[in-house]
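S.K.: Okay, handing you the structure first.
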Amino acid sequence: YETIQAAVDDANEGDTIIVCEDQQLNDGVVIEVPGLTIKGFDKPTVDGNGNFSVFEILADGVTIADLGITNPEGDTGIESGDGLFTVPDINDVTIRDNHLFEIGQGGGIAGIDVSDGNFTNLNIIGNTIEDITSDGNLWGMIFDGEGTITDSTIKENKIRNLTDTSSVTGIDIRHFINNLTIEENHITHLTADGPADFSSAEGICISSESITDLDIAQNTIEEVETENGFFGEDIK
């Protein structure tokens, strides 16, 4: 196949697509095939080429693994959920062992963005998100839509070297929570370096309005700081 999207469009439920070479996309990859796995061989880099996101997950059972993902002129590396005024149910998604770097320009940038949706068994494990600079709100991971996160895990991710002029957060959870584990992540070198007095830097921020069974354990959070605003906070 000439493009990842062409392979996705021709795939059947449960198929695996192996990406062997670096790719520069014309359009972001939209995944609507249940049970589809997209994984890299020897960690090739997929460049989003300025699209909003590199990968958008809209189906159950999807796995994205072992890829380098960059999008210097876009907004997001991997997005899951709708974000278009609906709240879908999406189950059994895995995002693991990817290297996300140099995402975005301007503000409102995220390595991984979990948007509107009810997610069950969402597993974000072993990813590295690093070397991102933006101008007005930056997240390593953000769960920023309507819906509930159920029976899910964020584990063993490395989030480092993120800099923003206003606010920067390693992991930001705004969905309702019903059994979520955040453990053994390493979050370091988050800096809000702008002149604004209200700038902020946070390692893990939980602002969910409904929480049942949240476990935050054995995370390493270091060097989270602001130049001029609020003191950096490890967990808020």
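Each chain of the structure tokens is named A, B, ... in the order shown, its residues numbered from 1; ligands are numbered from 1 in display order.
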Thr37 (chain A): which residues within 12 Å, counting only C-alpha atoms, same-chain residues fewer than 3 positions away excluded, as number ranges by chain?
M.R.: A: 4, 7-8, 11-19, 31-34, 40, 57, 59-67, 92-96
S.K.: Would you pick out the contacts of region 135-140 of chain A at 9 Å or less, using only C-alpha atoms, so that residues sharing its chain but fewer than 3 positions from it are not included, and give the list as a PyMOL selection string?
M.R.: chain A and resi 105-113+129-130+132+159-160+162-172+194
S.K.: Quick one, how far is CA of Thr181 (chain A) from CA of Val30 (chain A)?
M.R.: 27.5 Å
S.K.: Suppose you want the space between CA of Ser115 (chain A) and CA of Glu223 (chain A); what is it in Å?
M.R.: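 Going from CA of Ser115 (chain A) over to CA of Glu223 (chain A), I get 27.9 Å.
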S.K.: Hey, what's within 8 Å of Lys158 (chain A) if we count only C-alpha atoms and toss same-chain stuff fewer than 4 positions away? As a ChimeraX atom specification, please?
M.R.: /A:126-130,185-187
S.K.: Those same residues, written as a compact mmCIF listing (two decimals), in the first residue's frame with C-alpha atoms?
M.R.:
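Everything below was put into result_17.txt:
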# COMPACT_ATOMS: atom_id res chain seq x y z
CA GLY A 126 5.22 2.44 27.76
CA ASN A 127 5.10 5.51 25.51
CA THR A 128 7.68 8.29 25.44
CA ILE A 129 6.36 11.84 24.87
CA GLU A 130 9.14 14.40 24.69
CA ASN A 185 5.09 6.96 34.94
CA HIS A 186 8.18 9.17 34.80
CA ILE A 187 7.34 12.86 34.29
S.K.: Would you return as an NGL selection string the members of region 48-232 of chain A that DSSP assigns to strand (DSSP E or B) on this structure's backbone?
M.R.: :A and (53-57 or 63-65 or 68-71 or 76-80 or 89-91 or 94-96 or 99-103 or 109-114 or 118-120 or 123-125 or 128-134 or 138-143 or 148-155 or 158-164 or 167-173 or 176-183 or 186-192 or 200-206 or 211-217 or 220-226)
S.K.: What's the 8 Å shell around region 146-155 of chain A, counting only C-alpha atoms, without same-chain residues fewer than 5 positions away, as a short mmCIF file (atom, residue, chain, number, x, y, z; two decimals) with N, CA and C atoms, in the first residue's frame?
M.R.:
data_model
loop_
_atom_site.label_atom_id
_atom_site.label_comp_id
_atom_site.auth_asym_id
_atom_site.auth_seq_id
_atom_site.Cartn_x
_atom_site.Cartn_y
_atom_site.Cartn_z
N VAL A 87 -20.88 11.46 22.09
CA VAL A 87 -20.11 10.75 23.11
C VAL A 87 -20.16 9.26 22.80
N SER A 115 -10.51 12.42 23.63
CA SER A 115 -11.59 13.40 23.52
C SER A 115 -12.91 12.79 23.98
N ASP A 116 -14.05 13.33 23.50
CA ASP A 116 -15.36 12.88 23.95
C ASP A 116 -15.52 11.38 23.73
N GLY A 117 -16.03 10.69 24.76
CA GLY A 117 -16.29 9.26 24.65
C GLY A 117 -16.29 8.59 26.00
N ASN A 118 -17.00 7.47 26.08
CA ASN A 118 -16.94 6.57 27.22
C ASN A 118 -15.95 5.46 26.87
N PHE A 119 -14.83 5.41 27.60
CA PHE A 119 -13.75 4.48 27.28
C PHE A 119 -13.66 3.40 28.37
N THR A 120 -13.68 2.15 27.95
CA THR A 120 -13.50 1.02 28.85
C THR A 120 -12.28 0.22 28.39
N ASN A 121 -11.43 -0.14 29.36
CA ASN A 121 -10.20 -0.88 29.07
C ASN A 121 -9.32 -0.12 28.08
N LEU A 122 -9.07 1.13 28.38
CA LEU A 122 -8.12 1.95 27.63
C LEU A 122 -6.76 1.81 28.30
N ASN A 123 -5.76 1.40 27.54
CA ASN A 123 -4.44 1.15 28.10
C ASN A 123 -3.41 1.99 27.34
N ILE A 124 -2.78 2.91 28.06
CA ILE A 124 -1.73 3.76 27.50
C ILE A 124 -0.46 3.42 28.26
N ILE A 125 0.43 2.66 27.63
CA ILE A 125 1.51 2.00 28.36
C ILE A 125 2.83 2.13 27.58
N GLY A 126 3.87 2.54 28.29
CA GLY A 126 5.22 2.44 27.76
C GLY A 126 5.57 3.43 26.65
N HIS A 175 -12.21 13.65 32.26
CA HIS A 175 -13.34 12.73 32.17
C HIS A 175 -13.77 12.27 33.56
N PHE A 176 -15.01 11.81 33.69
CA PHE A 176 -15.41 11.07 34.88
C PHE A 176 -14.53 9.81 34.97
N ILE A 177 -14.29 9.37 36.19
CA ILE A 177 -13.39 8.24 36.44
C ILE A 177 -14.13 7.12 37.15
N ASN A 178 -14.04 5.91 36.63
CA ASN A 178 -14.58 4.72 37.27
C ASN A 178 -13.55 3.59 37.16
N ASN A 179 -12.59 3.61 38.04
CA ASN A 179 -11.49 2.64 38.10
C ASN A 179 -10.41 2.98 37.08
N LEU A 180 -9.51 3.83 37.49
CA LEU A 180 -8.38 4.25 36.66
C LEU A 180 -7.11 4.13 37.49
N THR A 181 -6.08 3.51 36.88
CA THR A 181 -4.77 3.38 37.51
C THR A 181 -3.75 4.22 36.75
N ILE A 182 -3.04 5.07 37.49
CA ILE A 182 -1.94 5.87 36.92
C ILE A 182 -0.71 5.50 37.72
N GLU A 183 0.18 4.71 37.14
CA GLU A 183 1.29 4.22 37.94
C GLU A 183 2.58 4.07 37.12
N GLU A 184 3.67 4.23 37.84
CA GLU A 184 5.02 3.99 37.31
C GLU A 184 5.33 4.84 36.07
N ASN A 185 4.73 6.02 35.99
CA ASN A 185 5.09 6.96 34.94
C ASN A 185 6.24 7.85 35.41
#
S.K.: What's the separation between CA of Ser53 (chain A) and CA of Leu25 (chain A), in Å to one decimal place?
M.R.: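 Value for the CA of Ser53 (chain A)-CA of Leu25 (chain A) distance: 10.5 Å.
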S.K.: If you count only C-alpha atoms, which residues fall within 8 Å of region 46-49 of chain A, apart from same-chain ones fewer than 5 positions away, as a list of chain:residue names?
M.R.: A:Asp22, A:Gln23, A:Gln24, A:Leu25, A:Asn26, A:Asp27, A:Gly28, A:Val54, A:Leu67, A:Gly68, A:Ile69, A:Thr70, A:Asn71, A:Pro72, A:Glu73, A:Gly74, A:Gly77
S.K.: What parts of region 2-217 of chain A does DSSP call alpha helix (DSSP H)? I'd like the answer as a list in words.
M.R.: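 Assigned to alpha helix (DSSP H), within region 2-217 of chain A: Ile4, Gln5, Ala6, Ala7, Val8 and Asp9 of chain A.
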S.K.: Those residues you just picked out, can you put them in a file as a PDB file, in the first residue's frame with all heavy atoms?
M.R.:
ATOM      1  N   ILE A   4      -0.672   4.565   4.735  1.00  0.00           N
ATOM      2  CA  ILE A   4      -1.265   3.837   5.866  1.00  0.00           C
ATOM      3  C   ILE A   4      -2.784   3.873   5.760  1.00  0.00           C
ATOM      4  O   ILE A   4      -3.459   2.872   6.024  1.00  0.00           O
ATOM      5  CB  ILE A   4      -0.786   4.445   7.195  1.00  0.00           C
ATOM      6  CG1 ILE A   4       0.739   4.312   7.325  1.00  0.00           C
ATOM      7  CG2 ILE A   4      -1.471   3.753   8.372  1.00  0.00           C
ATOM      8  CD1 ILE A   4       1.311   5.048   8.524  1.00  0.00           C
ATOM      9  N   GLN A   5      -3.344   5.022   5.368  1.00  0.00           N
ATOM     10  CA  GLN A   5      -4.799   5.113   5.267  1.00  0.00           C
ATOM     11  C   GLN A   5      -5.354   4.136   4.242  1.00  0.00           C
ATOM     12  O   GLN A   5      -6.413   3.538   4.456  1.00  0.00           O
ATOM     13  CB  GLN A   5      -5.226   6.534   4.917  1.00  0.00           C
ATOM     14  CG  GLN A   5      -6.740   6.743   4.967  1.00  0.00           C
ATOM     15  CD  GLN A   5      -7.294   6.628   6.377  1.00  0.00           C
ATOM     16  OE1 GLN A   5      -6.977   7.423   7.237  1.00  0.00           O
ATOM     17  NE2 GLN A   5      -8.148   5.630   6.619  1.00  0.00           N
ATOM     18  N   ALA A   6      -4.649   3.939   3.130  1.00  0.00           N
ATOM     19  CA  ALA A   6      -5.107   2.968   2.132  1.00  0.00           C
ATOM     20  C   ALA A   6      -5.146   1.558   2.715  1.00  0.00           C
ATOM     21  O   ALA A   6      -6.072   0.784   2.453  1.00  0.00           O
ATOM     22  CB  ALA A   6      -4.199   3.019   0.909  1.00  0.00           C
ATOM     23  N   ALA A   7      -4.136   1.220   3.517  1.00  0.00           N
ATOM     24  CA  ALA A   7      -4.127  -0.086   4.171  1.00  0.00           C
ATOM     25  C   ALA A   7      -5.269  -0.212   5.168  1.00  0.00           C
ATOM     26  O   ALA A   7      -5.922  -1.265   5.269  1.00  0.00           O
ATOM     27  CB  ALA A   7      -2.788  -0.308   4.862  1.00  0.00           C
ATOM     28  N   VAL A   8      -5.524   0.863   5.923  1.00  0.00           N
ATOM     29  CA  VAL A   8      -6.635   0.859   6.886  1.00  0.00           C
ATOM     30  C   VAL A   8      -7.966   0.680   6.155  1.00  0.00           C
ATOM     31  O   VAL A   8      -8.825  -0.115   6.575  1.00  0.00           O
ATOM     32  CB  VAL A   8      -6.633   2.163   7.706  1.00  0.00           C
ATOM     33  CG1 VAL A   8      -7.910   2.288   8.538  1.00  0.00           C
ATOM     34  CG2 VAL A   8      -5.410   2.227   8.609  1.00  0.00           C
ATOM     35  N   ASP A   9      -8.159   1.407   5.074  1.00  0.00           N
ATOM     36  CA  ASP A   9      -9.432   1.339   4.348  1.00  0.00           C
ATOM     37  C   ASP A   9      -9.687  -0.046   3.769  1.00  0.00           C
ATOM     38  O   ASP A   9     -10.845  -0.433   3.557  1.00  0.00           O
ATOM     39  CB  ASP A   9      -9.444   2.378   3.224  1.00  0.00           C
ATOM     40  CG  ASP A   9      -9.473   3.811   3.746  1.00  0.00           C
ATOM     41  OD1 ASP A   9      -9.801   3.998   4.933  1.00  0.00           O
ATOM     42  OD2 ASP A   9      -9.148   4.726   2.966  1.00  0.00           O
TER      43      ASP A   9
END
